[in-house]
Amino acid sequence: MRESFLHFIWQFQKFDTIELSTVEGKPLQIFTKGQYNTDAGPDFLNAKLLIDDITWYGHVELHLKSSDWNRHKHQYDSAYDNVVLHVVWEHDLEVSCKNGQVLSVLELQDRIAPELLLKCNQLVKSPEKIPCVSQFDQVRDIDKQAMIDYAGVARLKQKSESVLQRLEKNKGDWAETTFQLLAGNFGFKTNDHAFLKLAESVNHKTLLKHVTRPDEMEALIFGMAGFLVDREDGHAVLLGNEFDYLSKKYRLTDLCMVRAEWKYLRLRPGNFPTVRLAQFASFLSKNVKCFDRFLHFENQTELLELFDFEVSDYWKVHYDFGKKSSRIKRGIGRSSIDLILINTVAPLLAAYSQYTNDDQYMQKAIQLLQLVQPENNNIIRMWENLELKANDAFESQALIGLRNEFCLKKKCLSCKIGVSLINS
């Protein structure tokens, strides 16, 4: 049994409440169960209870065994001093708060219907990647949509946490953080780590000094990425000579990457890291203050204009140094732009919402994703096989989050779909 089962039982009051009493034999009446707390501290906050004719206002903590209270060190934590009821599956030890107050205990193991426990076990012990796959057609559309909405926001908040961690690492510099996020996503999975390393090795402010000189921008990008050691043709020589000067000026020589860190395997020439680096250099040359532009765009058209750029003449007809392409390339494709909007701009807006405690930016992130086409990958196709189709990127992100954070982790009792099946 998992503790989440008890959370479910208490949240939905799925136990026998006839002649309810504590283990000490005191009559117990529940007026309000409290609000479920997903942060640190007691499990349910601000409950209202009547115990032995005394009304109590406080928190409720749940454990499988009473002794788990001490195992979790709550007896030393004053954050738990306002717990007024300890709800457990099995009572095995009398425990108390840091202030010395002995806890009233409600034991549930003899108050839960066996068929309810059986339903829960069928889900959380299912070997399937989607535990409810055999029952999915029994779920109402309204419950599916409610979980999609919840999982979509949860995924945005999860992504925003990693943005805020990077912001802290960058000492509160949003421009530098945006630059690094953008770089990582220009790598498009295959080279995301290499792009991020590149962004961490050269300061964004250094690059901004050269936005009016595309050749210097390219020299810094390709030089720091390690592509100008062997200078195969005239363009490489030109960039290499420029980089020799700039690397000494900014003392960058010891920070350069090596070409072997970039991956080419199973990539089409149009997705080679050299092409992506050229696109990245051109994007930066056009968009000096991309953080402000990402934050304050008025509509999708205005946002898409940021990606309306052309690579330099050399990269229009080359896919690597000294290697010509038969097809002329100018900029970045719409599917690539969509991925950047999904993985850079939306999480950035969500993080700024968390940082400023201003919900309008979270709403803006959601609205942006709702304007973007849904992703097409193995996870999305798995849901489509269950006739659950994503209509936009917000819903495709939600379905990815639902599968990764709920289904694979067997968190069925925290899922509105799982709860609806158990309650049916």
# chains A, B, ... in the order shown; residues from 1 in each chain; ligands from 1
$ residues_around --residues "Leu228 of chain A" --least-positions-apart "5" --cutoff "10 Å" --atoms "only C-alpha atoms" --output "PDB file with all heavy atoms, in the first residue's frame"
ATOM      1  N   ALA A 219      32.013  34.190 -36.254  1.00  0.00           N
ATOM      2  CA  ALA A 219      33.366  33.820 -35.817  1.00  0.00           C
ATOM      3  C   ALA A 219      33.347  33.396 -34.348  1.00  0.00           C
ATOM      4  O   ALA A 219      33.957  32.381 -33.976  1.00  0.00           O
ATOM      5  CB  ALA A 219      34.323  34.988 -36.029  1.00  0.00           C
ATOM      6  N   LEU A 220      32.645  34.155 -33.509  1.00  0.00           N
ATOM      7  CA  LEU A 220      32.575  33.810 -32.086  1.00  0.00           C
ATOM      8  C   LEU A 220      31.829  32.499 -31.862  1.00  0.00           C
ATOM      9  O   LEU A 220      32.271  31.642 -31.092  1.00  0.00           O
ATOM     10  CB  LEU A 220      31.889  34.938 -31.314  1.00  0.00           C
ATOM     11  CG  LEU A 220      32.745  36.163 -31.001  1.00  0.00           C
ATOM     12  CD1 LEU A 220      31.883  37.319 -30.531  1.00  0.00           C
ATOM     13  CD2 LEU A 220      33.803  35.821 -29.957  1.00  0.00           C
ATOM     14  N   ILE A 221      30.703  32.322 -32.561  1.00  0.00           N
ATOM     15  CA  ILE A 221      29.900  31.115 -32.389  1.00  0.00           C
ATOM     16  C   ILE A 221      30.659  29.882 -32.857  1.00  0.00           C
ATOM     17  O   ILE A 221      30.803  28.886 -32.120  1.00  0.00           O
ATOM     18  CB  ILE A 221      28.556  31.236 -33.138  1.00  0.00           C
ATOM     19  CG1 ILE A 221      27.679  32.334 -32.526  1.00  0.00           C
ATOM     20  CG2 ILE A 221      27.815  29.897 -33.151  1.00  0.00           C
ATOM     21  CD1 ILE A 221      27.149  32.038 -31.160  1.00  0.00           C
ATOM     22  N   PHE A 222      31.169  29.908 -34.088  1.00  0.00           N
ATOM     23  CA  PHE A 222      31.857  28.735 -34.627  1.00  0.00           C
ATOM     24  C   PHE A 222      33.208  28.509 -33.956  1.00  0.00           C
ATOM     25  O   PHE A 222      33.620  27.352 -33.765  1.00  0.00           O
ATOM     26  CB  PHE A 222      32.032  28.875 -36.145  1.00  0.00           C
ATOM     27  CG  PHE A 222      30.802  28.537 -36.929  1.00  0.00           C
ATOM     28  CD1 PHE A 222      29.982  29.526 -37.434  1.00  0.00           C
ATOM     29  CD2 PHE A 222      30.446  27.216 -37.153  1.00  0.00           C
ATOM     30  CE1 PHE A 222      28.838  29.216 -38.151  1.00  0.00           C
ATOM     31  CE2 PHE A 222      29.309  26.889 -37.868  1.00  0.00           C
ATOM     32  CZ  PHE A 222      28.498  27.895 -38.368  1.00  0.00           C
ATOM     33  N   GLY A 223      33.862  29.594 -33.579  1.00  0.00           N
ATOM     34  CA  GLY A 223      35.152  29.435 -32.906  1.00  0.00           C
ATOM     35  C   GLY A 223      35.010  28.804 -31.543  1.00  0.00           C
ATOM     36  O   GLY A 223      35.728  27.856 -31.191  1.00  0.00           O
ATOM     37  N   HIS A 235      35.993  30.547 -46.236  1.00  0.00           N
ATOM     38  CA  HIS A 235      35.109  31.101 -45.209  1.00  0.00           C
ATOM     39  C   HIS A 235      35.610  30.725 -43.815  1.00  0.00           C
ATOM     40  O   HIS A 235      35.574  31.559 -42.896  1.00  0.00           O
ATOM     41  CB  HIS A 235      33.683  30.583 -45.411  1.00  0.00           C
ATOM     42  CG  HIS A 235      32.668  31.290 -44.570  1.00  0.00           C
ATOM     43  ND1 HIS A 235      32.398  32.639 -44.698  1.00  0.00           N
ATOM     44  CD2 HIS A 235      31.839  30.841 -43.572  1.00  0.00           C
ATOM     45  CE1 HIS A 235      31.464  32.989 -43.827  1.00  0.00           C
ATOM     46  NE2 HIS A 235      31.114  31.911 -43.132  1.00  0.00           N
ATOM     47  N   ALA A 236      36.088  29.510 -43.668  1.00  0.00           N
ATOM     48  CA  ALA A 236      36.635  29.077 -42.380  1.00  0.00           C
ATOM     49  C   ALA A 236      37.878  29.886 -42.029  1.00  0.00           C
ATOM     50  O   ALA A 236      38.097  30.238 -40.862  1.00  0.00           O
ATOM     51  CB  ALA A 236      36.938  27.587 -42.403  1.00  0.00           C
ATOM     52  N   VAL A 237      38.688  30.178 -43.022  1.00  0.00           N
ATOM     53  CA  VAL A 237      39.898  30.983 -42.793  1.00  0.00           C
ATOM     54  C   VAL A 237      39.506  32.390 -42.354  1.00  0.00           C
ATOM     55  O   VAL A 237      40.075  32.949 -41.403  1.00  0.00           O
ATOM     56  CB  VAL A 237      40.767  31.027 -44.070  1.00  0.00           C
ATOM     57  CG1 VAL A 237      41.904  32.045 -43.897  1.00  0.00           C
ATOM     58  CG2 VAL A 237      41.332  29.652 -44.380  1.00  0.00           C
ATOM     59  N   LEU A 238      38.520  32.965 -43.055  1.00  0.00           N
ATOM     60  CA  LEU A 238      38.059  34.310 -42.718  1.00  0.00           C
ATOM     61  C   LEU A 238      37.536  34.368 -41.289  1.00  0.00           C
ATOM     62  O   LEU A 238      37.919  35.255 -40.495  1.00  0.00           O
ATOM     63  CB  LEU A 238      36.949  34.722 -43.694  1.00  0.00           C
ATOM     64  CG  LEU A 238      36.271  36.072 -43.432  1.00  0.00           C
ATOM     65  CD1 LEU A 238      37.259  37.207 -43.686  1.00  0.00           C
ATOM     66  CD2 LEU A 238      35.040  36.244 -44.314  1.00  0.00           C
ATOM     67  N   LEU A 239      36.669  33.409 -40.919  1.00  0.00           N
ATOM     68  CA  LEU A 239      36.131  33.379 -39.563  1.00  0.00           C
ATOM     69  C   LEU A 239      37.218  33.079 -38.541  1.00  0.00           C
ATOM     70  O   LEU A 239      37.231  33.639 -37.437  1.00  0.00           O
ATOM     71  CB  LEU A 239      35.014  32.335 -39.458  1.00  0.00           C
ATOM     72  CG  LEU A 239      33.738  32.564 -40.270  1.00  0.00           C
ATOM     73  CD1 LEU A 239      32.724  31.460 -39.979  1.00  0.00           C
ATOM     74  CD2 LEU A 239      33.131  33.922 -39.976  1.00  0.00           C
ATOM     75  N   GLY A 240      38.142  32.201 -38.927  1.00  0.00           N
ATOM     76  CA  GLY A 240      39.218  31.818 -38.015  1.00  0.00           C
ATOM     77  C   GLY A 240      40.128  32.979 -37.675  1.00  0.00           C
ATOM     78  O   GLY A 240      40.516  33.163 -36.510  1.00  0.00           O
ATOM     79  N   ASN A 241      40.458  33.777 -38.667  1.00  0.00           N
ATOM     80  CA  ASN A 241      41.303  34.948 -38.410  1.00  0.00           C
ATOM     81  C   ASN A 241      40.594  35.940 -37.493  1.00  0.00           C
ATOM     82  O   ASN A 241      41.213  36.536 -36.600  1.00  0.00           O
ATOM     83  CB  ASN A 241      41.672  35.626 -39.733  1.00  0.00           C
ATOM     84  CG  ASN A 241      42.604  34.762 -40.570  1.00  0.00           C
ATOM     85  OD1 ASN A 241      43.283  33.880 -40.049  1.00  0.00           O
ATOM     86  ND2 ASN A 241      42.640  35.015 -41.871  1.00  0.00           N
ATOM     87  N   PHE A 243      38.279  35.152 -35.335  1.00  0.00           N
ATOM     88  CA  PHE A 243      38.166  34.549 -34.003  1.00  0.00           C
ATOM     89  C   PHE A 243      39.491  34.616 -33.250  1.00  0.00           C
ATOM     90  O   PHE A 243      39.491  34.791 -32.022  1.00  0.00           O
ATOM     91  CB  PHE A 243      37.701  33.104 -34.109  1.00  0.00           C
ATOM     92  CG  PHE A 243      37.542  32.432 -32.767  1.00  0.00           C
ATOM     93  CD1 PHE A 243      36.549  32.822 -31.892  1.00  0.00           C
ATOM     94  CD2 PHE A 243      38.416  31.418 -32.373  1.00  0.00           C
ATOM     95  CE1 PHE A 243      36.408  32.222 -30.651  1.00  0.00           C
ATOM     96  CE2 PHE A 243      38.287  30.815 -31.140  1.00  0.00           C
ATOM     97  CZ  PHE A 243      37.276  31.216 -30.267  1.00  0.00           C
ATOM     98  N   ASP A 244      40.590  34.473 -33.954  1.00  0.00           N
ATOM     99  CA  ASP A 244      41.896  34.568 -33.289  1.00  0.00           C
ATOM    100  C   ASP A 244      42.020  35.894 -32.538  1.00  0.00           C
ATOM    101  O   ASP A 244      42.497  35.935 -31.396  1.00  0.00           O
ATOM    102  CB  ASP A 244      43.027  34.456 -34.323  1.00  0.00           C
ATOM    103  CG  ASP A 244      43.171  33.041 -34.861  1.00  0.00           C
ATOM    104  OD1 ASP A 244      42.636  32.110 -34.231  1.00  0.00           O
ATOM    105  OD2 ASP A 244      43.789  32.873 -35.924  1.00  0.00           O
ATOM    106  N   VAL A 258      35.485  21.309 -28.487  1.00  0.00           N
ATOM    107  CA  VAL A 258      36.139  20.586 -29.584  1.00  0.00           C
ATOM    108  C   VAL A 258      35.059  20.050 -30.508  1.00  0.00           C
ATOM    109  O   VAL A 258      33.936  19.746 -30.082  1.00  0.00           O
ATOM    110  CB  VAL A 258      37.032  19.432 -29.073  1.00  0.00           C
ATOM    111  CG1 VAL A 258      38.191  19.980 -28.265  1.00  0.00           C
ATOM    112  CG2 VAL A 258      36.218  18.438 -28.255  1.00  0.00           C
ATOM    113  N   ARG A 259      35.387  19.938 -31.786  1.00  0.00           N
ATOM    114  CA  ARG A 259      34.389  19.564 -32.784  1.00  0.00           C
ATOM    115  C   ARG A 259      33.765  18.195 -32.487  1.00  0.00           C
ATOM    116  O   ARG A 259      32.602  17.939 -32.803  1.00  0.00           O
ATOM    117  CB  ARG A 259      35.042  19.562 -34.164  1.00  0.00           C
ATOM    118  CG  ARG A 259      34.068  19.281 -35.292  1.00  0.00           C
ATOM    119  CD  ARG A 259      34.640  19.638 -36.632  1.00  0.00           C
ATOM    120  NE  ARG A 259      33.696  19.370 -37.702  1.00  0.00           N
ATOM    121  CZ  ARG A 259      33.718  19.951 -38.881  1.00  0.00           C
ATOM    122  NH1 ARG A 259      34.657  20.843 -39.162  1.00  0.00           N
ATOM    123  NH2 ARG A 259      32.828  19.657 -39.804  1.00  0.00           N
ATOM    124  N   PHE A 321      31.609  23.273 -43.517  1.00  0.00           N
ATOM    125  CA  PHE A 321      32.706  24.011 -44.118  1.00  0.00           C
ATOM    126  C   PHE A 321      33.292  23.214 -45.284  1.00  0.00           C
ATOM    127  O   PHE A 321      33.648  22.043 -45.133  1.00  0.00           O
ATOM    128  CB  PHE A 321      33.794  24.303 -43.078  1.00  0.00           C
ATOM    129  CG  PHE A 321      33.409  25.356 -42.087  1.00  0.00           C
ATOM    130  CD1 PHE A 321      33.076  25.028 -40.786  1.00  0.00           C
ATOM    131  CD2 PHE A 321      33.358  26.691 -42.475  1.00  0.00           C
ATOM    132  CE1 PHE A 321      32.718  26.005 -39.869  1.00  0.00           C
ATOM    133  CE2 PHE A 321      32.996  27.682 -41.564  1.00  0.00           C
ATOM    134  CZ  PHE A 321      32.672  27.339 -40.262  1.00  0.00           C
TER     135      PHE A 321
END
$ closest_atom_pairs --of "segment 111-184 of chain A" --to "segment 407-417 of chain A" --cutoff "8 Å" --atoms "only C-alpha atoms" --output "JSON lines"
{"residue": "A:Cys120", "atom": "CA", "partner": "A:Leu413", "partner_atom": "CA", "distance": 7.7}
{"residue": "A:Leu123", "atom": "CA", "partner": "A:Cys412", "partner_atom": "CA", "distance": 6.7}
{"residue": "A:Val124", "atom": "CA", "partner": "A:Lys410", "partner_atom": "CA", "distance": 5.2}
{"residue": "A:Lys125", "atom": "CA", "partner": "A:Lys410", "partner_atom": "CA", "distance": 7.7}
{"residue": "A:Lys129", "atom": "CA", "partner": "A:Leu408", "partner_atom": "CA", "distance": 5.9}
{"residue": "A:Ile130", "atom": "CA", "partner": "A:Cys407", "partner_atom": "CA", "distance": 5.3}
{"residue": "A:Pro131", "atom": "CA", "partner": "A:Cys407", "partner_atom": "CA", "distance": 6.3}
{"residue": "A:Val139", "atom": "CA", "partner": "A:Ile417", "partner_atom": "CA", "distance": 6.7}
{"residue": "A:Asp143", "atom": "CA", "partner": "A:Ile417", "partner_atom": "CA", "distance": 6.0}
{"residue": "A:Lys144", "atom": "CA", "partner": "A:Ile417", "partner_atom": "CA", "distance": 6.0}
{"residue": "A:Ala146", "atom": "CA", "partner": "A:Lys416", "partner_atom": "CA", "distance": 7.1}
{"residue": "A:Met147", "atom": "CA", "partner": "A:Lys416", "partner_atom": "CA", "distance": 5.4}
$ residues_around --residues "Lys14 of chain A" --least-positions-apart "5" --cutoff "12 Å" --atoms "only C-alpha atoms" --output "MDAnalysis selection string"
chainID A and resid 5:9 33 108:109 111:117 419 422:423
$ residues_around --residues "Lys316 of chain A" --least-positions-apart "6" --cutoff "8 Å" --atoms "only C-alpha atoms" --output "list in words"
Ile328, Lys329 and Arg330 of chain A
$ write_last_selection --atoms "N, CA, C and O atoms" --output "CSV table (one decimal), in the first residue's frame"
chain,number,residue,atom,x,y,z
A,328,ILE,N,19.2,25.4,-51.6
A,328,ILE,CA,19.4,26.7,-51.0
A,328,ILE,C,18.6,26.8,-49.7
A,328,ILE,O,17.4,26.6,-49.7
A,329,LYS,N,19.3,27.1,-48.6
A,329,LYS,CA,18.6,27.2,-47.3
A,329,LYS,C,18.7,28.7,-46.9
A,329,LYS,O,19.7,29.3,-47.1
A,330,ARG,N,17.6,29.2,-46.3
A,330,ARG,CA,17.6,30.6,-45.9
A,330,ARG,C,17.4,30.7,-44.4
A,330,ARG,O,18.1,31.5,-43.8
$ atom_distance --atom1 "atom CA of Val345 of chain A" --atom2 "atom CA of Ala365 of chain A"
7.6 Å
$ closest_residue --among "A:Gln101, A:Ser424, A:Asn357, A:Gln397" --to "Ile148 of chain A" --atoms "only C-alpha atoms"
A:Gln397
$ select_by_dssp --residues "segment 112-346 of chain A" --states "alpha helix (DSSP H)" --output "ChimeraX atom specification"
/A:114-124,141-169,174-186,192-201,204-208,214-224,234-250,273-286,290-296,300-305,313-316,334-340,346
$ select_by_dssp --residues "segment 218-424 of chain A" --states "strand (DSSP E or B)" --output "PDB file with C-alpha atoms, in the first residue's frame"
ATOM      1  CA  HIS A 318      26.771  24.983 -47.648  1.00  0.00           C
ATOM      2  CA  TYR A 319      25.873  22.456 -44.929  1.00  0.00           C
ATOM      3  CA  ASP A 320      29.429  22.234 -43.550  1.00  0.00           C
ATOM      4  CA  LYS A 323      30.795  21.117 -48.410  1.00  0.00           C
ATOM      5  CA  LYS A 324      28.290  22.608 -50.815  1.00  0.00           C
TER       6      LYS A 324
END
$ atom_distance --atom1 "atom CA of Leu388 of chain A" --atom2 "atom CA of Phe188 of chain A"
26.3 Å
$ residues_around --residues "Leu62 of chain A" --least-positions-apart "2" --cutoff "9 Å" --atoms "only C-alpha atoms" --output "NGL selection string"
:A and (3 or 6-7 or 10 or 42-44 or 60 or 64-66 or 69 or 85-89)
$ decode --residues "segment 126-142 of chain A" --atoms "N, CA, C and O atoms" --output "PDB file, in the first residue's frame"
ATOM      1  N   SER A 126      -0.714  -2.229 -12.154  1.00  0.00           N
ATOM      2  CA  SER A 126      -0.818  -2.635 -13.557  1.00  0.00           C
ATOM      3  C   SER A 126       0.558  -2.598 -14.231  1.00  0.00           C
ATOM      4  O   SER A 126       1.324  -1.646 -14.038  1.00  0.00           O
ATOM      5  N   PRO A 127       0.900  -3.607 -15.040  1.00  0.00           N
ATOM      6  CA  PRO A 127       2.186  -3.620 -15.738  1.00  0.00           C
ATOM      7  C   PRO A 127       2.198  -2.739 -16.990  1.00  0.00           C
ATOM      8  O   PRO A 127       3.243  -2.535 -17.597  1.00  0.00           O
ATOM      9  N   GLU A 128       1.041  -2.189 -17.375  1.00  0.00           N
ATOM     10  CA  GLU A 128       0.933  -1.399 -18.597  1.00  0.00           C
ATOM     11  C   GLU A 128       1.564  -0.014 -18.420  1.00  0.00           C
ATOM     12  O   GLU A 128       1.577   0.546 -17.325  1.00  0.00           O
ATOM     13  N   LYS A 129       2.074   0.538 -19.529  1.00  0.00           N
ATOM     14  CA  LYS A 129       2.642   1.886 -19.487  1.00  0.00           C
ATOM     15  C   LYS A 129       1.567   2.926 -19.190  1.00  0.00           C
ATOM     16  O   LYS A 129       1.835   3.976 -18.615  1.00  0.00           O
ATOM     17  N   ILE A 130       0.354   2.653 -19.616  1.00  0.00           N
ATOM     18  CA  ILE A 130      -0.807   3.448 -19.212  1.00  0.00           C
ATOM     19  C   ILE A 130      -1.683   2.516 -18.384  1.00  0.00           C
ATOM     20  O   ILE A 130      -2.375   1.655 -18.927  1.00  0.00           O
ATOM     21  N   PRO A 131      -1.637   2.605 -17.059  1.00  0.00           N
ATOM     22  CA  PRO A 131      -2.277   1.599 -16.191  1.00  0.00           C
ATOM     23  C   PRO A 131      -3.760   1.372 -16.461  1.00  0.00           C
ATOM     24  O   PRO A 131      -4.251   0.260 -16.286  1.00  0.00           O
ATOM     25  N   CYS A 132      -4.472   2.409 -16.891  1.00  0.00           N
ATOM     26  CA  CYS A 132      -5.913   2.280 -17.079  1.00  0.00           C
ATOM     27  C   CYS A 132      -6.283   1.938 -18.515  1.00  0.00           C
ATOM     28  O   CYS A 132      -7.442   2.129 -18.914  1.00  0.00           O
ATOM     29  N   VAL A 133      -5.336   1.437 -19.299  1.00  0.00           N
ATOM     30  CA  VAL A 133      -5.575   1.228 -20.731  1.00  0.00           C
ATOM     31  C   VAL A 133      -6.799   0.348 -20.993  1.00  0.00           C
ATOM     32  O   VAL A 133      -7.571   0.616 -21.925  1.00  0.00           O
ATOM     33  N   SER A 134      -7.008  -0.674 -20.182  1.00  0.00           N
ATOM     34  CA  SER A 134      -8.129  -1.598 -20.417  1.00  0.00           C
ATOM     35  C   SER A 134      -9.465  -1.001 -19.989  1.00  0.00           C
ATOM     36  O   SER A 134     -10.521  -1.517 -20.352  1.00  0.00           O
ATOM     37  N   GLN A 135      -9.434   0.088 -19.216  1.00  0.00           N
ATOM     38  CA  GLN A 135     -10.668   0.716 -18.731  1.00  0.00           C
ATOM     39  C   GLN A 135     -10.875   2.114 -19.308  1.00  0.00           C
ATOM     40  O   GLN A 135     -11.841   2.800 -18.957  1.00  0.00           O
ATOM     41  N   PHE A 136      -9.982   2.520 -20.198  1.00  0.00           N
ATOM     42  CA  PHE A 136      -9.953   3.915 -20.623  1.00  0.00           C
ATOM     43  C   PHE A 136     -11.248   4.348 -21.308  1.00  0.00           C
ATOM     44  O   PHE A 136     -11.680   5.491 -21.180  1.00  0.00           O
ATOM     45  N   ASP A 137     -11.869   3.416 -22.023  1.00  0.00           N
ATOM     46  CA  ASP A 137     -13.113   3.763 -22.728  1.00  0.00           C
ATOM     47  C   ASP A 137     -14.283   3.987 -21.773  1.00  0.00           C
ATOM     48  O   ASP A 137     -15.352   4.453 -22.177  1.00  0.00           O
ATOM     49  N   GLN A 138     -14.078   3.658 -20.482  1.00  0.00           N
ATOM     50  CA  GLN A 138     -15.135   3.864 -19.493  1.00  0.00           C
ATOM     51  C   GLN A 138     -15.091   5.278 -18.889  1.00  0.00           C
ATOM     52  O   GLN A 138     -15.998   5.670 -18.157  1.00  0.00           O
ATOM     53  N   VAL A 139     -14.011   6.016 -19.200  1.00  0.00           N
ATOM     54  CA  VAL A 139     -13.819   7.339 -18.602  1.00  0.00           C
ATOM     55  C   VAL A 139     -14.610   8.382 -19.394  1.00  0.00           C
ATOM     56  O   VAL A 139     -14.563   8.409 -20.624  1.00  0.00           O
ATOM     57  N   ARG A 140     -15.304   9.250 -18.692  1.00  0.00           N
ATOM     58  CA  ARG A 140     -16.066  10.307 -19.349  1.00  0.00           C
ATOM     59  C   ARG A 140     -15.125  11.328 -19.991  1.00  0.00           C
ATOM     60  O   ARG A 140     -14.031  11.601 -19.467  1.00  0.00           O
ATOM     61  N   ASP A 141     -15.535  11.901 -21.102  1.00  0.00           N
ATOM     62  CA  ASP A 141     -14.723  12.904 -21.798  1.00  0.00           C
ATOM     63  C   ASP A 141     -14.416  14.092 -20.901  1.00  0.00           C
ATOM     64  O   ASP A 141     -13.320  14.657 -20.961  1.00  0.00           O
ATOM     65  N   ILE A 142     -15.372  14.461 -20.053  1.00  0.00           N
ATOM     66  CA  ILE A 142     -15.163  15.607 -19.172  1.00  0.00           C
ATOM     67  C   ILE A 142     -14.037  15.348 -18.167  1.00  0.00           C
ATOM     68  O   ILE A 142     -13.266  16.253 -17.818  1.00  0.00           O
TER      69      ILE A 142
END
